[in-house]
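Okay, so here's the structure we're looking at.
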Amino acid sequence: MGHTRRVIPFTRLSRGDVGRVGGKNASLGELTARLAPAGVTVPPGFATTAAAYEELLDRDGLRTRIQQQLDRFHDGASLEDTGAGIRSLIMAAPLPAALRDEIAEAYADLGRRLGRPDPEVAVRSSATAEDLPEASFAGQQETYLNVRGSGQLLDAVHRCLASLFTDRAIDYRERMGFDHLRVALSVGIQAMVRSDLAGAGVMFTLDPESGFPEVVVVSAAWGLGETVVSGQTDPDEYTVFKPSLKDPAMDPVIDVRLGAKRRKAVYAAAGLTETVDTTPEERAGRVLTDAEVRRLAEWAVSVEEHYGCPMDLEWAKDGITGELAIVQARPETVQSRRRSATLRRCRLTGMPSGVLAEGIAVGEAIGAGPVCRLDTPVDLERFPAGAVLVTSITDPDWEPIMKRAAAIVTDHGGRTSHAAIVSRELGVPAVVGTADATRVLQDGTEVTVSCSEGSRGKVYPGRVPYEETEIDLTALPATHTRVMLNLADPSAAFRWWRLPADGVGLARLEFIVAHQVKVHPMALLHPERLEAADRCAVDQLTEGHLDRTRYFTDRLAYGIARIAASRWPHPVIVRTSDFKTNEYAKLLGGCPFEPVEANPMIGWRGASRYYSDGYREGFTLECQALRRVRDEMGLTNVIVMIPFCRTLLEADKVLDVMATEGLRRGVNGLKVYVMAEIPANILLAQDFADRFDGFSIGSNDLTQLTLGVDRDSEALADVFDENDPAVTRLIGMLAECARAAGRPVGLCGQRPSDDPAFAAFLVGAGIDSVSVAPDSFAAVKQHVAAAESSRDSEDRMVPAGIRPAHAEPPPAA
């Protein structure tokens, strides 16, 4: 049987057999023959050949009749009529007897291998042109699950062969320029994994949104995997850092996002499947443990290394045996086609008037147009080109419409749903999993769909102005002065991995607390001090966490880890929390723990909180998260930075607390920096240099405290000036002292982006690094390069409007 041309077992196939059995089955053969011996579990099976399909078409003039239908299509017949006509022709033609016999024999042999007659199998289509680097045919043909018995199997195989001419497959081949009759179909028959009793999903060996290559992203939902691919459910998402995966002592899972998982697909009667509601326990719980995520990620990396390219894989967990398995593998075809040397960015230039809907952002683009709300796919003529498609969920039947859309918005689905996958391939912005878009977005109204603001995509009313820019990264000059990034939102960190930055100069921990933790740490430690309403809100927020403090440290660690991973192995400077008391009080449960201050800007903030009775326990949680990122996840590129440290005694107290919590300078390469934002930090720079490993200038606070000007005061806005000689002299003093002490000094702020002369002054002062917002990186890199070029020809450049640190201030105008 195995030597015939009609049916071949996976064990005798390899990825070179795409022409014989299609991309999907060739890949399954490669996995079975090459990677299963290395420990990757792949369910056994067999495939019908492309030759068997051609044999069917060559009987009774079937090929000629199919071509006649295609000719009518090119002459103006509808896609729907063409597809239905061709499928009817194929289903009316009986399978050749030799093919039927070989399938039945191979199926019986599979049952003997599995130790049970008539085993349940998955029957999947595999076209000879699919899963190529230049095109993804995933989802174009049919799949049948939980098929049992020879009769059901032969019927499913026949239907798969006919599905080469689904409407969506015809449309896709037309769009990609493939000759319909030069593409053949193989059918893969694979032992079913009883994931209906456990879970299943997909995984990518890069971040599917940004193409960041150092992670494996695993999506997981309860039941059969079709709900993840189709977008019927919002899955869990686990992010694994590849470099830490190499060390068995490290925990490589750097992010966990629990999805709603409201629906799951399970087996129904007569070999069919049905979608049912999940239980409250399933919705609140994780589909996979960290150990299971690690095993899947290790397999994914092995597959990627074997194939030599990024991969898109499907996995399943058997609810009876508890075993994991890889059930499909194909080359990733979206991010791998992007030019890595070019960075395309979209940015809103107008101010939105509100948010109509919000969900998961797919891609990084912006689109605008009138809403066209549809319940089912319709004729193309009913969907105007450039409209915004709004629907509950998509499947491959929607693709002819999706390619005409300016943007796509769905009620359901996650980052690996059909809508997300196709929109990435088309380069169309999509916001999925909004829950209520079909209810709140009205037909015909103009909207703007933005995926340019992080992981959350937003739908705004009207046409909000925006711009698109493209940066040629190869044209950016090299600089001696390090140019680093200011990053706040962990969910957006991977988007900037292509920028040739020298690390992260400022990651604000308080942003992660405010946007991902969303609760005051002391409220988790002392819920007895909360009012009833806040206590209830905290209970809801931390549902599923027996240890509420672990909720805080988990969220914080995952946020820090994503930022640190995005620039590995370059340094990532993480500033511990620098909320003011009025800002802390606005956090959930914050009021009982925060005093009311007349001037919070110079009140109980920064270092003074970390050793005090009122917040030391909260700072302990921050330390635990930082220690976990460095010591357990292996992201030792994290540098800890202490803000607003007023005195040397305060510095000693904070360092003692950190050491007590396992963050001791020098241990495991830990460096601790201090913000230089108080004149005292510079006047006593040598003493601070004895205690810390580096300085970072906070120019806003330094200007405020040097000039005695509230930086938020509109009345004094014209006085607040970082170019003031008093400020620039302090910066020059710090640079000189730090250099003498062997300590690096950087500046994190917007001024070098807005003012090339200020960037030139910093270079002239001998600063080691500047850290700016990602969208300013290219401009600042050029400003710094120009300043360094000028400095090479002069000992010290004096930019117009700026005096060197030792000079007298310019005369008043």
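Letters for chains follow the order of the structure tokens (A, B, ...), residue numbers begin at 1 for each chain, and ligand numbers begin at 1 in the order shown.
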
- Query: Skipping near chain neighbours, those fewer than 4 positions away, what residues fall within 8 Å of Asp534 (chain A) using only C-alpha atoms, listed as a PyMOL selection string?
  - Reply: chain A and resi 530+538+588-589

Pull the closest atom pair for each residue of region 239-303 of chain A that gets at most 6 Å from region 626-636 of chain A, along with the distance in Å to one decimal, counting only C-alpha atoms, ordering rows by chain and then ascending residue number, as CSV.
```
residue,atom,partner,partner_atom,distance
A:Ser244,CA,A:Gly634,CA,5.8
A:Met250,CA,A:Glu632,CA,5.3
A:Asp251,CA,A:Met633,CA,4.7
A:Pro252,CA,A:Met633,CA,5.4
```

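The smallest atom-to-atom distance between Ala430 (chain A) and any of A:Ala368, A:Leu730, A:Val504, A:Val464, using only C-alpha atoms, is found for A:Ala368.
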
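Neighbouring residues of Asp397 (chain A) at 7 Å or closer, counting only C-alpha atoms and skipping chain neighbours under 5 positions away, are Asp167, Arg168 and Pro377 of chain A.
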
Would you export the selected residues with C-alpha atoms as an mmCIF file, in the first residue's frame, please?
```cif
data_model
loop_
_atom_site.group_PDB
_atom_site.id
_atom_site.type_symbol
_atom_site.label_atom_id
_atom_site.label_comp_id
_atom_site.auth_asym_id
_atom_site.auth_seq_id
_atom_site.Cartn_x
_atom_site.Cartn_y
_atom_site.Cartn_z
ATOM 1 C CA ASP A 167 -15.760 30.135 -3.716
ATOM 2 C CA ARG A 168 -13.018 31.449 -1.468
ATOM 3 C CA PRO A 377 -20.959 37.459 2.941
#
```

- Message: For the structure I just gave you, how does DSSP split region 134-282 of chain A - specifically, which residues are alpha helix (DSSP H)? Reply as JSON, numbers by chain.
- Response: {"A": [150, 151, 152, 153, 154, 155, 156, 157, 158, 159, 160, 161, 162, 167, 168, 169, 170, 171, 172, 173, 174, 175, 176, 226, 227, 228, 229, 230, 242, 243, 244, 245, 280, 281, 282]}

- Tell me which protein, DNA and RNA residues are within 9 Å of Glu237 (chain A), counting only C-alpha atoms, leaving out same-chain ones fewer than 6 positions away, and put them as a ChimeraX atom specification. /A:217-220,255-259,415

Output the selection as a PDB file, in the first residue's frame - C-alpha atoms for each residue.
```pdb
ATOM      1  CA  VAL A 217       3.488  33.089  20.849  1.00  0.00           C
ATOM      2  CA  VAL A 218       1.074  30.309  21.853  1.00  0.00           C
ATOM      3  CA  SER A 219      -2.705  30.761  21.651  1.00  0.00           C
ATOM      4  CA  ALA A 220      -4.912  28.287  23.501  1.00  0.00           C
ATOM      5  CA  ASP A 255       3.722  37.032  29.402  1.00  0.00           C
ATOM      6  CA  VAL A 256       0.351  35.406  30.025  1.00  0.00           C
ATOM      7  CA  ARG A 257      -2.913  36.931  28.867  1.00  0.00           C
ATOM      8  CA  LEU A 258      -6.084  35.064  29.785  1.00  0.00           C
ATOM      9  CA  GLY A 259      -8.760  35.236  27.117  1.00  0.00           C
ATOM     10  CA  ARG A 415      -4.942  37.629  17.340  1.00  0.00           C
TER      11      ARG A 415
END
```
